[in-house]
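Report on the structure given below.
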Amino acid sequence: MSAQAPILAADKLAVRYGSFLALSDVTLAIKPNTIHSVIGPNGAGKTTLFHALTGRVQASSGRITLNGRDITHLSDDKRVPLGIARSFQVTSLFQNLTVRENLRLAAQGRTPLQALAPWRGVEPDGEATVIADQVMSRLGITAVADRVAGELSHGQQRRLEVGMAVAAKPRLILLDEPTSGMGIDDIEAMKALIRDLGRDHTVLFIEHNMGIVMNISDTVTVMRAGRVLVEGSPMVVRDDPEVRRAYLGNMMTGDIA
Ligand SMILES: Nc1ncnc2c1ncn2[C@@H]1O[C@H](COP(=O)(O)OP(=O)(O)OP(=O)(O)O)[C@@H](O)[C@H]1O
């Protein structure tokens, strides 16, 4: 296999919350056009890693590169135009706007908060509408295009949340626990969606459901106590005794076999 340059890389990354070292010495390389999952027990530092990669928290030390460009000190809004998007949390969907309107805003590169500015509304036509319709079709939510987000089922809201990231047309999509709180049918649909997104995006996702992780990931990074414990293919990770030990008594759902 040729050594492909990573789309996103972290080198000896550390993040402090006050005196607490939440992330230390994290070195990671996400290969383009792969599905890469991050797993680990509660409190392992997975979300903190996402915060650092997307610019929501600043690295205390270390370096982050996107397509070889140093983005360590760029703010989160400056990283989005470079092709990195993160799923919005359900709570930041515009609950009173329709599915189509939410997606238009995301396609216009606006967060709901920015859109609240009275001089900036949802533009009725144009490229954003086309993108919104494409995303709805890809996500299988066209039937609820004109429903307000707040009326959707939990599973549909989670899909819309992924759609908000997709609408920004990123090369790299980060998803933070996309199946959390879902029932079995919605989980299967989300699994199929992530696999589908992997055809033309690089996907990095945090997930507690081992069935999904082992089934669709090309590479799995296992974290524990703010560090990378193991990284490798699902098979390598599944059989690693350290990984099984790290999870003892901790949250793990889905079938690991
Ligand atoms: N803003 C913060 N201030 C102080 N400590 C924090 C902050 N955010 C997270 N932590 C701590 O940092 C550690 C890593 O938290 P993080 O949320 O990154 O873990 P996680 O692996 O995503 O956990 P989970 O699976 O429960 O979501 C935990 O000990 C957590 O309590």
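In the structure tokens, the first chain shown is A, the next is B, and so on; residue numbers restart at 1 for each chain, and ligands run from 1 in the order shown.
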Open item on the list: ligand 1: which residues are within 7 Å, counting only C-alpha atoms and all ligand atoms? Reply as a PyMOL selection string.
Closed with: chain A and resi 17+20+22+40-49+226
Generate a file of the selected residues that holds N, CA and C atoms, formatted as a short mmCIF file (atom, residue, chain, number, x, y, z; two decimals), in the first residue's frame.
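The resulting selection.cif:
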```
data_model
loop_
_atom_site.label_atom_id
_atom_site.label_comp_id
_atom_site.auth_asym_id
_atom_site.auth_seq_id
_atom_site.Cartn_x
_atom_site.Cartn_y
_atom_site.Cartn_z
N TYR A 17 -7.58 21.72 30.37
CA TYR A 17 -8.68 22.50 30.91
C TYR A 17 -8.18 22.97 32.27
N PHE A 20 -6.04 20.58 34.42
CA PHE A 20 -6.30 19.18 34.03
C PHE A 20 -5.88 18.92 32.59
N ALA A 22 -6.45 17.04 29.60
CA ALA A 22 -7.50 16.18 29.06
C ALA A 22 -7.00 15.36 27.87
N GLY A 40 -13.45 4.74 22.86
CA GLY A 40 -12.78 4.79 24.16
C GLY A 40 -13.80 4.96 25.26
N PRO A 41 -13.45 4.58 26.48
CA PRO A 41 -14.39 4.69 27.59
C PRO A 41 -14.79 6.14 27.86
N ASN A 42 -15.82 6.32 28.64
CA ASN A 42 -16.26 7.68 29.00
C ASN A 42 -15.10 8.45 29.62
N GLY A 43 -14.97 9.69 29.19
CA GLY A 43 -13.93 10.55 29.75
C GLY A 43 -12.55 10.34 29.13
N ALA A 44 -12.48 9.53 28.07
CA ALA A 44 -11.17 9.21 27.47
C ALA A 44 -10.56 10.40 26.72
N GLY A 45 -11.40 11.38 26.35
CA GLY A 45 -10.88 12.55 25.65
C GLY A 45 -11.32 12.63 24.20
N LYS A 46 -12.30 11.82 23.80
CA LYS A 46 -12.72 11.78 22.40
C LYS A 46 -13.32 13.12 21.95
N THR A 47 -14.25 13.63 22.75
CA THR A 47 -14.87 14.90 22.38
C THR A 47 -13.87 16.03 22.42
N THR A 48 -12.98 15.99 23.39
CA THR A 48 -11.93 17.01 23.48
C THR A 48 -11.05 16.97 22.22
N LEU A 49 -10.77 15.77 21.74
CA LEU A 49 -10.00 15.65 20.50
C LEU A 49 -10.75 16.32 19.34
N GLY A 226 -7.01 10.27 27.85
CA GLY A 226 -6.41 11.38 27.10
C GLY A 226 -5.31 11.00 26.13
#
```
Task: Exercise: region 168-177 of chain A partners within 8 Å, only C-alpha atoms, chain neighbours under 6 positions left out, as a list in words - done: Ile7, Thr47, Phe50, Val80, Leu82, Gly83, Ile84, Ala85, Arg86, Ser87, Ala106, Ala107, Gln108, Gly109, Val162, Asp200, His201, Thr202, Val203, Leu204, Phe205, Ile206, Glu207 and His208 of chain A
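Between CA of Asn96 (chain A) and CA of Gly150 (chain A) there is a distance of 6.3 Å.
Considering the residues A:Leu8, A:Ala29, A:Leu93, A:Leu13 and counting only C-alpha atoms, Val57 (chain A) has its shortest atom-to-atom contact with A:Leu13.
Residues in contact with Glu127 (chain A) at up to 9 Å, not including ones fewer than 2 positions away on its chain and judged by only C-alpha atoms, are Arg104, Ala107, Gln108, Asp125, Thr129, Val130, Ile131 and Ala132 of chain A.
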TODO: Go through A:Ser60, A:Val220, A:Leu139, A:Ala145 and flag the residue nearest Gly18 (chain A), using only C-alpha atoms for the distances.
DONE: A:Ser60
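Residue nearest Ile184 (chain A) within the list A:Glu242, A:Asn33, A:Ile39, A:Ile212: A:Ile212 [criterion: smallest interatomic distance, only C-alpha atoms].
Ranking A:Val99, A:Ala149, A:Leu21, A:Ile30 by their shortest atom-to-atom distance to Thr219 (chain A), with only C-alpha atoms included, puts A:Ile30 first.
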- [ ] Give the helix (DSSP H, G or I) residues of region 116-254 of chain A, as assigned by DSSP on the backbone, as a ChimeraX atom specification.
- [x] /A:127-139,142-144,149-151,154-166,184-197,210-216,234-238,241-247
Task: Contacts of Leu193 (chain A) within 12 Å, only C-alpha atoms, excl. fewer than 4 positions in-chain, as number ranges by chain - done: A: 35, 135-141, 158-160, 162-163, 166, 175, 178-179, 186-189, 197-201, 203, 212, 216
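Here CA of Val15 (chain A) is placed at a distance of 18.3 Å from CA of Leu66 (chain A).
Across A:Arg147, A:Lys31, A:His36, A:Arg16, the tightest approach to Ile194 (chain A) is made by A:His36 when counting only C-alpha atoms.
Proximity to Ala10 (chain A) at 6 Å, evaluated using only C-alpha atoms and with sequence-adjacent residues fewer than 4 positions away removed, yields A:Thr27, A:Leu28, A:Arg63, A:Ile64.
Across the structure, CA of Met235 (chain A) and CA of Thr221 (chain A) are spaced 12.2 Å apart.
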